[in-house]
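**Q** File follows, model.cif with mmCIF, C-alpha atoms and all ligand atoms:
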```cif
data_final
loop_
_atom_site.label_atom_id
_atom_site.label_comp_id
_atom_site.auth_asym_id
_atom_site.auth_seq_id
_atom_site.Cartn_x
_atom_site.Cartn_y
_atom_site.Cartn_z
CA MET A 1 63.83 140.57 165.77
CA PRO A 2 66.86 139.04 163.98
CA PRO A 3 70.01 138.43 166.07
CA ILE A 4 72.33 141.42 166.47
CA THR A 5 75.11 140.95 163.93
CA ASP A 6 77.10 144.16 164.31
CA ILE A 7 78.78 144.49 167.69
CA GLY A 8 80.74 147.62 166.73
CA PRO A 9 84.48 148.33 166.61
CA ILE A 10 85.28 147.09 170.14
CA LEU A 11 88.65 145.61 169.10
CA LYS A 12 89.92 148.63 167.19
CA GLY A 13 93.73 148.71 166.98
CA GLN A 14 94.18 145.14 168.27
CA ARG A 15 95.93 142.34 166.41
CA ALA A 16 94.64 138.76 166.24
CA LEU A 17 95.76 135.38 164.96
CA VAL A 18 93.15 132.74 164.12
CA THR A 19 94.39 129.21 163.45
CA GLY A 20 92.64 127.00 160.90
CA ALA A 21 90.93 130.06 159.43
CA SER A 22 90.66 129.01 155.78
CA SER A 23 87.23 127.42 156.29
CA GLY A 24 84.28 126.94 158.62
CA ILE A 25 84.29 128.50 162.08
CA GLY A 26 87.83 129.92 161.83
CA ALA A 27 87.01 131.83 158.64
CA ASP A 28 84.01 133.53 160.26
CA VAL A 29 85.86 134.15 163.52
CA ALA A 30 88.51 135.99 161.44
CA LYS A 31 85.80 138.03 159.66
CA GLU A 32 83.97 138.92 162.88
CA LEU A 33 87.22 139.99 164.58
CA ALA A 34 87.99 142.17 161.56
CA LYS A 35 84.46 143.68 161.65
CA ALA A 36 85.17 144.55 165.29
CA GLY A 37 88.28 146.45 164.18
CA ALA A 38 91.11 143.95 164.72
CA ALA A 39 93.86 143.24 162.18
CA VAL A 40 93.83 139.50 161.56
CA ALA A 41 96.43 136.88 160.63
CA VAL A 42 94.57 134.08 158.85
CA ASN A 43 96.35 130.76 159.43
CA TYR A 44 95.87 127.77 157.13
CA ALA A 45 97.49 124.36 156.80
CA GLY A 46 96.65 123.13 153.29
CA ASN A 47 94.13 125.49 151.70
CA PRO A 48 95.78 128.78 150.66
CA ALA A 49 92.84 129.68 148.39
CA GLY A 50 90.39 129.49 151.31
CA ALA A 51 92.65 131.69 153.43
CA GLU A 52 93.12 134.19 150.59
CA ALA A 53 89.34 134.42 150.14
CA VAL A 54 88.97 135.34 153.83
CA VAL A 55 91.75 137.94 153.52
CA ALA A 56 90.14 139.38 150.36
CA GLU A 57 86.75 139.72 152.07
CA ILE A 58 88.30 141.48 155.07
CA THR A 59 90.41 143.87 153.00
CA ALA A 60 87.49 144.63 150.64
CA ARG A 61 85.63 145.95 153.70
CA GLY A 62 88.60 148.16 154.59
CA GLY A 63 90.10 145.80 157.19
CA THR A 64 93.63 144.49 157.57
CA ALA A 65 94.54 140.83 157.13
CA PHE A 66 97.15 138.48 155.70
CA SER A 67 97.32 134.71 155.33
CA ILE A 68 100.02 132.50 156.79
CA ARG A 69 100.68 128.76 156.46
CA ALA A 70 101.60 126.62 159.46
CA ASP A 71 100.74 123.15 160.71
CA VAL A 72 99.88 123.95 164.32
CA SER A 73 101.06 120.52 165.50
CA GLN A 74 104.64 121.32 164.40
CA GLU A 75 106.69 123.43 166.80
CA ALA A 76 108.97 124.89 164.10
CA ASP A 77 105.96 125.92 161.95
CA VAL A 78 104.29 127.58 164.94
CA LYS A 79 107.42 129.51 165.93
CA ALA A 80 107.91 130.72 162.34
CA MET A 81 104.23 131.76 162.14
CA PHE A 82 104.44 133.84 165.33
CA ALA A 83 107.69 135.46 164.16
CA LYS A 84 105.93 136.49 160.94
CA VAL A 85 102.85 137.81 162.77
CA VAL A 86 104.98 139.92 165.11
CA GLU A 87 107.12 141.16 162.21
CA THR A 88 103.98 142.16 160.27
CA PHE A 89 101.74 143.56 163.04
CA GLY A 90 104.37 144.57 165.63
CA THR A 91 102.77 142.31 168.26
CA LEU A 92 99.72 140.17 169.01
CA ASP A 93 96.77 140.87 171.34
CA ILE A 94 94.37 137.97 170.64
CA LEU A 95 95.01 134.31 169.82
CA VAL A 96 92.10 132.14 168.68
CA ASN A 97 93.11 128.47 168.83
CA ASN A 98 90.60 127.10 166.34
CA ALA A 99 92.44 124.55 164.12
CA GLY A 100 91.04 121.08 164.64
CA LEU A 101 90.14 117.85 162.91
CA GLN A 102 88.36 114.55 163.39
CA LYS A 103 89.57 111.05 162.52
CA ASP A 104 86.71 108.86 163.62
CA ALA A 105 86.74 105.11 164.26
CA PRO A 106 85.11 102.57 166.57
CA PHE A 107 87.24 102.55 169.70
CA HIS A 108 88.67 99.05 169.21
CA GLU A 109 89.76 99.93 165.66
CA LEU A 110 91.26 103.35 166.41
CA SER A 111 94.84 103.44 165.09
CA ILE A 112 97.73 105.01 166.95
CA GLU A 113 98.28 107.26 163.91
CA ASP A 114 94.73 108.65 164.10
CA TRP A 115 94.96 108.98 167.89
CA ASN A 116 98.26 110.90 167.65
CA ARG A 117 97.15 113.12 164.76
CA VAL A 118 93.97 114.31 166.49
CA ILE A 119 95.73 114.89 169.82
CA GLY A 120 98.63 116.51 167.94
CA VAL A 121 96.49 119.10 166.15
CA ASN A 122 93.57 119.64 168.58
CA LEU A 123 95.51 119.63 171.88
CA THR A 124 99.27 119.95 171.26
CA GLY A 125 98.56 122.56 168.57
CA GLN A 126 96.66 124.67 171.12
CA PHE A 127 99.55 124.34 173.59
CA LEU A 128 102.21 125.32 171.04
CA CYS A 129 100.30 128.40 169.83
CA ALA A 130 99.28 129.50 173.33
CA ARG A 131 102.88 129.27 174.57
CA GLU A 132 104.13 131.50 171.74
CA ALA A 133 101.27 133.97 172.31
CA VAL A 134 101.97 134.21 176.05
CA ASN A 135 105.66 134.83 175.40
CA GLU A 136 104.76 137.63 172.99
CA PHE A 137 102.27 139.21 175.45
CA LEU A 138 104.96 139.19 178.16
CA ARG A 139 107.65 140.57 175.82
CA ARG A 140 105.40 143.42 174.62
CA GLY A 141 104.03 144.50 177.99
CA PRO A 142 100.81 146.38 178.84
CA GLN A 143 99.02 148.76 176.45
CA PRO A 144 96.21 150.16 178.60
CA GLU A 145 95.05 152.39 175.75
CA LEU A 146 94.11 149.26 173.75
CA SER A 147 92.97 146.70 176.32
CA ALA A 148 92.79 146.19 180.08
CA ALA A 149 94.34 142.72 179.66
CA LEU A 150 97.90 141.99 178.59
CA GLY A 151 96.52 139.45 176.10
CA LYS A 152 93.58 137.19 175.39
CA ILE A 153 93.52 133.53 174.34
CA ILE A 154 90.32 131.88 173.15
CA CYS A 155 90.35 128.12 172.74
CA ILE A 156 87.76 126.68 170.36
CA SER A 157 86.78 123.50 172.14
CA SER A 158 83.51 121.57 171.67
CA VAL A 159 80.45 120.38 173.54
CA HIS A 160 82.46 117.14 173.50
CA ASP A 161 84.69 118.55 176.21
CA VAL A 162 81.81 117.44 178.49
CA ILE A 163 79.61 115.14 176.33
CA PRO A 164 81.24 111.73 175.75
CA TRP A 165 81.10 110.76 172.04
CA ALA A 166 81.07 107.14 170.93
CA GLY A 167 83.21 106.53 167.87
CA HIS A 168 85.24 109.70 168.50
CA ALA A 169 87.43 108.84 171.51
CA ASN A 170 90.46 110.70 170.16
CA TYR A 171 88.41 113.85 169.46
CA ALA A 172 86.58 113.85 172.81
CA ALA A 173 89.85 113.22 174.66
CA SER A 174 91.51 116.11 172.81
CA LYS A 175 88.69 118.52 173.69
CA GLY A 176 88.54 117.35 177.32
CA GLY A 177 92.28 118.07 177.39
CA VAL A 178 91.70 121.52 175.92
CA MET A 179 89.37 122.30 178.83
CA MET A 180 92.02 121.55 181.49
CA LEU A 181 94.77 123.20 179.43
CA MET A 182 92.58 126.33 179.20
CA LYS A 183 91.70 126.35 182.92
CA THR A 184 95.29 125.75 184.02
CA MET A 185 96.62 128.50 181.75
CA ALA A 186 93.88 130.83 183.02
CA GLN A 187 94.75 130.11 186.65
CA GLU A 188 98.51 130.43 186.09
CA LEU A 189 98.38 133.54 183.91
CA ALA A 190 95.59 135.61 185.52
CA GLY A 191 98.16 137.36 187.75
CA LYS A 192 99.90 138.53 184.58
CA LYS A 193 96.56 139.90 183.28
CA ILE A 194 96.30 137.32 180.51
CA ARG A 195 92.75 136.03 180.07
CA VAL A 196 92.17 132.50 178.73
CA ASN A 197 88.70 131.13 177.91
CA SER A 198 87.04 128.54 175.70
CA VAL A 199 84.17 128.73 173.30
CA SER A 200 82.58 125.30 172.95
CA PRO A 201 80.40 125.06 169.86
CA GLY A 202 77.51 122.64 169.51
CA ALA A 203 76.50 121.66 165.97
CA ILE A 204 77.68 124.37 163.59
CA ARG A 205 77.20 124.09 159.82
CA THR A 206 80.80 123.59 158.55
CA PRO A 207 82.77 121.07 156.44
CA ILE A 208 83.86 119.09 159.55
CA ASN A 209 80.31 117.75 160.16
CA ARG A 210 78.75 118.01 156.67
CA ALA A 211 77.23 114.52 156.93
CA ALA A 212 75.27 115.59 160.03
CA TRP A 213 73.33 118.41 158.27
CA GLU A 214 73.65 117.89 154.51
CA THR A 215 70.36 116.02 153.90
CA PRO A 216 66.96 116.97 155.39
CA GLU A 217 66.85 113.55 157.12
CA ALA A 218 70.26 114.06 158.75
CA GLU A 219 69.34 117.61 159.81
CA ALA A 220 66.05 116.41 161.36
CA GLU A 221 67.99 113.85 163.44
CA LEU A 222 70.50 116.52 164.49
CA LEU A 223 67.74 118.96 165.52
CA LYS A 224 66.48 116.42 168.06
CA LEU A 225 69.69 117.19 169.99
CA ILE A 226 69.26 120.98 169.88
CA PRO A 227 66.57 122.49 172.17
CA TYR A 228 66.82 125.88 170.40
CA TYR A 229 65.93 123.98 167.22
CA ARG A 230 68.36 125.39 164.70
CA VAL A 231 71.79 124.29 163.51
CA GLY A 232 74.36 126.95 164.38
CA ASP A 233 76.21 129.07 161.84
CA PRO A 234 79.90 130.05 162.06
CA PRO A 235 79.15 133.75 162.85
CA ASP A 236 77.34 132.55 166.03
CA ILE A 237 80.79 131.45 167.20
CA GLY A 238 82.57 134.51 165.76
CA ARG A 239 80.44 136.92 167.79
CA ALA A 240 81.04 134.97 171.02
CA VAL A 241 84.78 135.12 170.35
CA VAL A 242 84.65 138.89 169.73
CA TRP A 243 82.93 139.42 173.08
CA LEU A 244 85.38 137.22 175.00
CA ALA A 245 88.33 138.99 173.34
CA SER A 246 86.99 142.44 174.22
CA ASP A 247 87.19 144.45 177.44
CA ALA A 248 83.43 143.87 177.79
CA ALA A 249 84.54 140.45 179.10
CA ASP A 250 87.45 141.78 181.16
CA TYR A 251 86.39 139.92 184.33
CA VAL A 252 85.93 136.62 182.48
CA THR A 253 88.75 134.10 182.61
CA GLY A 254 89.01 130.32 182.89
CA THR A 255 85.47 129.72 181.74
CA THR A 256 83.79 127.92 178.88
CA LEU A 257 81.06 129.59 176.88
CA TYR A 258 78.84 126.88 175.38
CA VAL A 259 77.43 128.24 172.12
CA ASP A 260 75.25 125.26 171.35
CA GLY A 261 71.53 126.10 171.26
CA GLY A 262 71.20 124.09 174.48
CA MET A 263 72.85 120.86 173.27
CA THR A 264 74.53 120.43 176.67
CA LEU A 265 71.14 120.62 178.47
CA TYR A 266 70.36 116.85 178.24
CA PRO A 267 67.69 117.35 175.53
CA GLU A 268 66.40 113.78 176.02
CA PHE A 269 64.92 115.02 179.32
CA ARG A 270 62.82 117.75 177.64
CA GLU A 271 59.64 115.71 178.06
CA GLY A 272 60.30 115.06 181.75
CA GLY A 273 62.77 112.14 181.53
P1 LIG B 1 86.71 122.92 159.47
O1 LIG B 1 87.18 121.59 159.05
O2 LIG B 1 86.08 123.81 158.45
O3 LIG B 1 87.86 123.75 160.16
C1 LIG B 1 89.01 123.21 160.76
C2 LIG B 1 90.17 124.00 160.24
O4 LIG B 1 91.36 123.56 160.89
C3 LIG B 1 90.36 123.79 158.73
O5 LIG B 1 90.51 125.04 158.12
C4 LIG B 1 91.64 122.98 158.66
O6 LIG B 1 92.39 123.25 157.49
C5 LIG B 1 92.37 123.48 159.90
N1 LIG B 1 93.43 122.56 160.31
C6 LIG B 1 93.37 121.21 160.42
N2 LIG B 1 94.56 120.73 160.78
C7 LIG B 1 95.39 121.79 160.91
C8 LIG B 1 96.74 121.95 161.27
N3 LIG B 1 97.50 120.89 161.55
N4 LIG B 1 97.27 123.19 161.30
C9 LIG B 1 96.52 124.28 161.00
N5 LIG B 1 95.22 124.19 160.63
C10 LIG B 1 94.67 122.96 160.61
O7 LIG B 1 85.69 122.66 160.68
P2 LIG B 1 85.14 123.67 161.78
O8 LIG B 1 83.85 123.12 162.22
O9 LIG B 1 85.20 125.07 161.30
O10 LIG B 1 86.17 123.44 162.97
C11 LIG B 1 86.82 124.50 163.66
C12 LIG B 1 86.97 124.15 165.12
O11 LIG B 1 85.68 124.08 165.71
C13 LIG B 1 87.63 122.79 165.39
O12 LIG B 1 88.51 122.90 166.48
C14 LIG B 1 86.45 121.91 165.72
O13 LIG B 1 86.82 120.83 166.55
C15 LIG B 1 85.56 122.90 166.45
N6 LIG B 1 84.15 122.49 166.55
C16 LIG B 1 83.34 122.47 165.45
C17 LIG B 1 82.02 122.10 165.60
C18 LIG B 1 81.03 122.07 164.45
O14 LIG B 1 79.89 121.69 164.66
N7 LIG B 1 81.41 122.47 163.25
C19 LIG B 1 81.53 121.75 166.85
C20 LIG B 1 82.39 121.78 167.95
C21 LIG B 1 83.70 122.17 167.77
#
```
Rewrite the structure from the file as structure tokens, please.
Ligand code: NAD
**A**
Amino acid sequence: MPPITDIGPILKGQRALVTGASSGIGADVAKELAKAGAAVAVNYAGNPAGAEAVVAEITARGGTAFSIRADVSQEADVKAMFAKVVETFGTLDILVNNAGLQKDAPFHELSIEDWNRVIGVNLTGQFLCAREAVNEFLRRGPQPELSAALGKIICISSVHDVIPWAGHANYAASKGGVMMLMKTMAQELAGKKIRVNSVSPGAIRTPINRAAWETPEAEAELLKLIPYYRVGDPPDIGRAVVWLASDAADYVTGTTLYVDGGMTLYPEFREGG
């Protein structure tokens, strides 16, 4: 049997913002949220055409979406983006902190610029967006007819929040930071009925890791790390996000859902170690 791809309209009437949604995982998270009935703000930093294509696909299916530019590492951009989302949708129910990038280098050659940029987007960007979202949830107040929670934040992290990654110290540090940011927000905000969780993807076929799956040789090497023996696709992540954002996951907060085909299961030990 193929995987279930239609979860049904479990987010009907809710409003979502997905950062970095003009490509890859973010684009499919936006589409899956829209399929589940949410109106979606599609954030982009430098690729308006990609964001417009996502909006067009959602609206062609009868959904609601608009695109909005902001560099998530810039406080003024983030504040302006949230003001626009609230002006357009009235409020926000779901934030998906997805924007991220890699700037890889051997550790001893890693520049301060590449360190700061990756931390700035992957970690500070998640903080800036989450803070604005929480303030909007608190301002708006409960809407029990739409959701049991006051608001939901989903942080797109990575298996590299627990797997160290040579040559990617800035990236692994940013994702490790996302895990503690997520858990601390979840602990602090649970009493206000705000749920905060992470989805940590394994190897998903997107532009960020093209070199790892583009040739059959590269893909064969990658598959050695994946017990379930397939490279993931962005909708695998989108469906996990939809579930975490929905009331089906109402008792879930402060946790990380690894959507990785078993990559975090120490695959080298498959044959007994
Ligand atoms: P991607 O490069 O297609 O997506 C990243 C998106 O973030 C792009 O649309 C990019 O424009 C956007 N972005 C970058 N800097 C930004 C900024 N300053 N402000 C706003 N947007 C910005 O790659 P992806 O794989 O779809 O990555 C999405 C998320 O998933 C990232 O956080 C990444 O770390 C994470 N992730 C991906 C994989 C994978 O295998 N593809 C695995 C683990 C985690």
**Q** Can you report as lines of an AutoDock Vina configuration file the centre and edge lengths in Å, to one decimal, of an axis-aligned box around the listed atoms of ligand LIG 1 (chain B) padded with 8 Å on each side?
**A**
```
center_x = 88.7
center_y = 122.9
center_z = 162.7
size_x = 33.6
size_y = 20.3
size_z = 26.5
```
**Q** Excluding segment 86-97 of chain A and residues on its chain fewer than 5 positions from it, collect all residues at most 8 Å away from it, counting only C-alpha atoms, and give them as a ChimeraX atom specification.
**A** /A:14-19,39,126,129-130,133,136-137,140,150-156,245
**Q** Using only C-alpha atoms, which residues sit within 6 Å of Ala41 of chain A once same-chain residues fewer than 5 positions away are excluded, as a list in words?
**A**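 So, after excluding close chain neighbours, the residues are Leu17, Ala65, Phe66 and Ser67 of chain A.
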**Q** How would the residues just picked look written out with C-alpha atoms as a tab-separated table (two decimals), in the frame of the given file?
**A**
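Full text of selection_11.tsv as output:
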```tsv
chain	number	residue	atom	x	y	z
A	17	LEU	CA	95.76	135.38	164.96
A	65	ALA	CA	94.54	140.83	157.13
A	66	PHE	CA	97.15	138.48	155.70
A	67	SER	CA	97.32	134.71	155.33
```
**Q** Between A:Leu123, A:Val259, A:Ala190, A:Ala60, single out the one closest to Gly238 of chain A, counting all atoms listed in the file.
**A**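 Result for the nearest residue to Gly238 of chain A: A:Val259.
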**Q** In Å, rounded to a single decimal, give me how far atom CA of Ala172 of chain A is from atom C15 of ligand LIG 1 (chain B).
**A** 11.1 Å
**Q** Neighbours of ligand LIG 1 (chain B) at 8 Å or closer, counting only C-alpha atoms and all ligand atoms: which residues, as a ChimeraX atom specification?
**A** /A:19-27,43-47,69-74,97-102,120-122,125,156-160,171,175,200-209,232,234
**Q** Using C-alpha atoms, can you export the residues from the last selection as a PDB file, keeping the file's coordinate frame?
**A**
```
ATOM      1  CA  THR A  19      94.390 129.210 163.450  1.00  0.00           C
ATOM      2  CA  GLY A  20      92.640 127.000 160.900  1.00  0.00           C
ATOM      3  CA  ALA A  21      90.930 130.060 159.430  1.00  0.00           C
ATOM      4  CA  SER A  22      90.660 129.010 155.780  1.00  0.00           C
ATOM      5  CA  SER A  23      87.230 127.420 156.290  1.00  0.00           C
ATOM      6  CA  GLY A  24      84.280 126.940 158.620  1.00  0.00           C
ATOM      7  CA  ILE A  25      84.290 128.500 162.080  1.00  0.00           C
ATOM      8  CA  GLY A  26      87.830 129.920 161.830  1.00  0.00           C
ATOM      9  CA  ALA A  27      87.010 131.830 158.640  1.00  0.00           C
ATOM     10  CA  ASN A  43      96.350 130.760 159.430  1.00  0.00           C
ATOM     11  CA  TYR A  44      95.870 127.770 157.130  1.00  0.00           C
ATOM     12  CA  ALA A  45      97.490 124.360 156.800  1.00  0.00           C
ATOM     13  CA  GLY A  46      96.650 123.130 153.290  1.00  0.00           C
ATOM     14  CA  ASN A  47      94.130 125.490 151.700  1.00  0.00           C
ATOM     15  CA  ARG A  69     100.680 128.760 156.460  1.00  0.00           C
ATOM     16  CA  ALA A  70     101.600 126.620 159.460  1.00  0.00           C
ATOM     17  CA  ASP A  71     100.740 123.150 160.710  1.00  0.00           C
ATOM     18  CA  VAL A  72      99.880 123.950 164.320  1.00  0.00           C
ATOM     19  CA  SER A  73     101.060 120.520 165.500  1.00  0.00           C
ATOM     20  CA  GLN A  74     104.640 121.320 164.400  1.00  0.00           C
ATOM     21  CA  ASN A  97      93.110 128.470 168.830  1.00  0.00           C
ATOM     22  CA  ASN A  98      90.600 127.100 166.340  1.00  0.00           C
ATOM     23  CA  ALA A  99      92.440 124.550 164.120  1.00  0.00           C
ATOM     24  CA  GLY A 100      91.040 121.080 164.640  1.00  0.00           C
ATOM     25  CA  LEU A 101      90.140 117.850 162.910  1.00  0.00           C
ATOM     26  CA  GLN A 102      88.360 114.550 163.390  1.00  0.00           C
ATOM     27  CA  GLY A 120      98.630 116.510 167.940  1.00  0.00           C
ATOM     28  CA  VAL A 121      96.490 119.100 166.150  1.00  0.00           C
ATOM     29  CA  ASN A 122      93.570 119.640 168.580  1.00  0.00           C
ATOM     30  CA  GLY A 125      98.560 122.560 168.570  1.00  0.00           C
ATOM     31  CA  ILE A 156      87.760 126.680 170.360  1.00  0.00           C
ATOM     32  CA  SER A 157      86.780 123.500 172.140  1.00  0.00           C
ATOM     33  CA  SER A 158      83.510 121.570 171.670  1.00  0.00           C
ATOM     34  CA  VAL A 159      80.450 120.380 173.540  1.00  0.00           C
ATOM     35  CA  HIS A 160      82.460 117.140 173.500  1.00  0.00           C
ATOM     36  CA  TYR A 171      88.410 113.850 169.460  1.00  0.00           C
ATOM     37  CA  LYS A 175      88.690 118.520 173.690  1.00  0.00           C
ATOM     38  CA  SER A 200      82.580 125.300 172.950  1.00  0.00           C
ATOM     39  CA  PRO A 201      80.400 125.060 169.860  1.00  0.00           C
ATOM     40  CA  GLY A 202      77.510 122.640 169.510  1.00  0.00           C
ATOM     41  CA  ALA A 203      76.500 121.660 165.970  1.00  0.00           C
ATOM     42  CA  ILE A 204      77.680 124.370 163.590  1.00  0.00           C
ATOM     43  CA  ARG A 205      77.200 124.090 159.820  1.00  0.00           C
ATOM     44  CA  THR A 206      80.800 123.590 158.550  1.00  0.00           C
ATOM     45  CA  PRO A 207      82.770 121.070 156.440  1.00  0.00           C
ATOM     46  CA  ILE A 208      83.860 119.090 159.550  1.00  0.00           C
ATOM     47  CA  ASN A 209      80.310 117.750 160.160  1.00  0.00           C
ATOM     48  CA  GLY A 232      74.360 126.950 164.380  1.00  0.00           C
ATOM     49  CA  PRO A 234      79.900 130.050 162.060  1.00  0.00           C
TER      50      PRO A 234
END
```
**Q** I'd like to know which of A:Asn197, A:Ser246, A:Thr264, A:Thr215 is closest to Tyr228 of chain A, using all atoms listed in the file.
**A**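 Of the candidates, the smallest distance to Tyr228 of chain A is held by A:Thr264.
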**Q** Given the choices A:Ile226, A:Thr253, A:Ile163, A:Ile119, which gets closest to Gly191 of chain A if the distance is worked out from all atoms listed in the file?
**A** A:Thr253
**Q** Would you pick out the contacts of Ala149 of chain A at 9 Å or less, using only C-alpha atoms, so that residues sharing its chain but fewer than 6 positions from it are not included, and give the list as an NGL selection string?
**A** :A and (93 or 142-143 or 192-195 or 247 or 250)
**Q** List the neighbours of Leu265 of chain A out to 9 Å using all atoms listed in the file; skip same-chain residues closer than 3 positions along the sequence, and give me the result as JSON, numbers by chain.
**A** {"A": [226, 227, 262, 268, 269, 270]}
**Q** At what distance in Å, to one decimal, does atom CA of Phe127 of chain A lie from atom CA of Lys103 of chain A?
**A**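 Atom-to-atom, atom CA of Lys103 of chain A and atom CA of Phe127 of chain A are spaced 20.0 Å apart.
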**Q** With all atoms listed in the file as the counted atoms, please give the residues lying no more than 8 Å from Ala240 of chain A, apart from itself and same-chain residues fewer than 2 positions off, as a ChimeraX atom specification.
**A** /A:199,236-238,242-244,257,259
**Q** Compute the distance from (104.8, 126.4, 167.9) to each atom, counting only C-alpha atoms, keep the residues with any atom at most 6 Å away, and return them as a list in words; use the coordinates of the file.
**A**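 The answer, in the requested form, is Glu75, Ala76, Val78, Lys79, Leu128 and Cys129 of chain A.
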**Q** Limited to C-alpha atoms, could you put the picked residues into a file as a CSV table (one decimal), in the frame of the given file?
**A**
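Resulting contents of out15.csv:
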```csv
chain,number,residue,atom,x,y,z
A,75,GLU,CA,106.7,123.4,166.8
A,76,ALA,CA,109.0,124.9,164.1
A,78,VAL,CA,104.3,127.6,164.9
A,79,LYS,CA,107.4,129.5,165.9
A,128,LEU,CA,102.2,125.3,171.0
A,129,CYS,CA,100.3,128.4,169.8
```
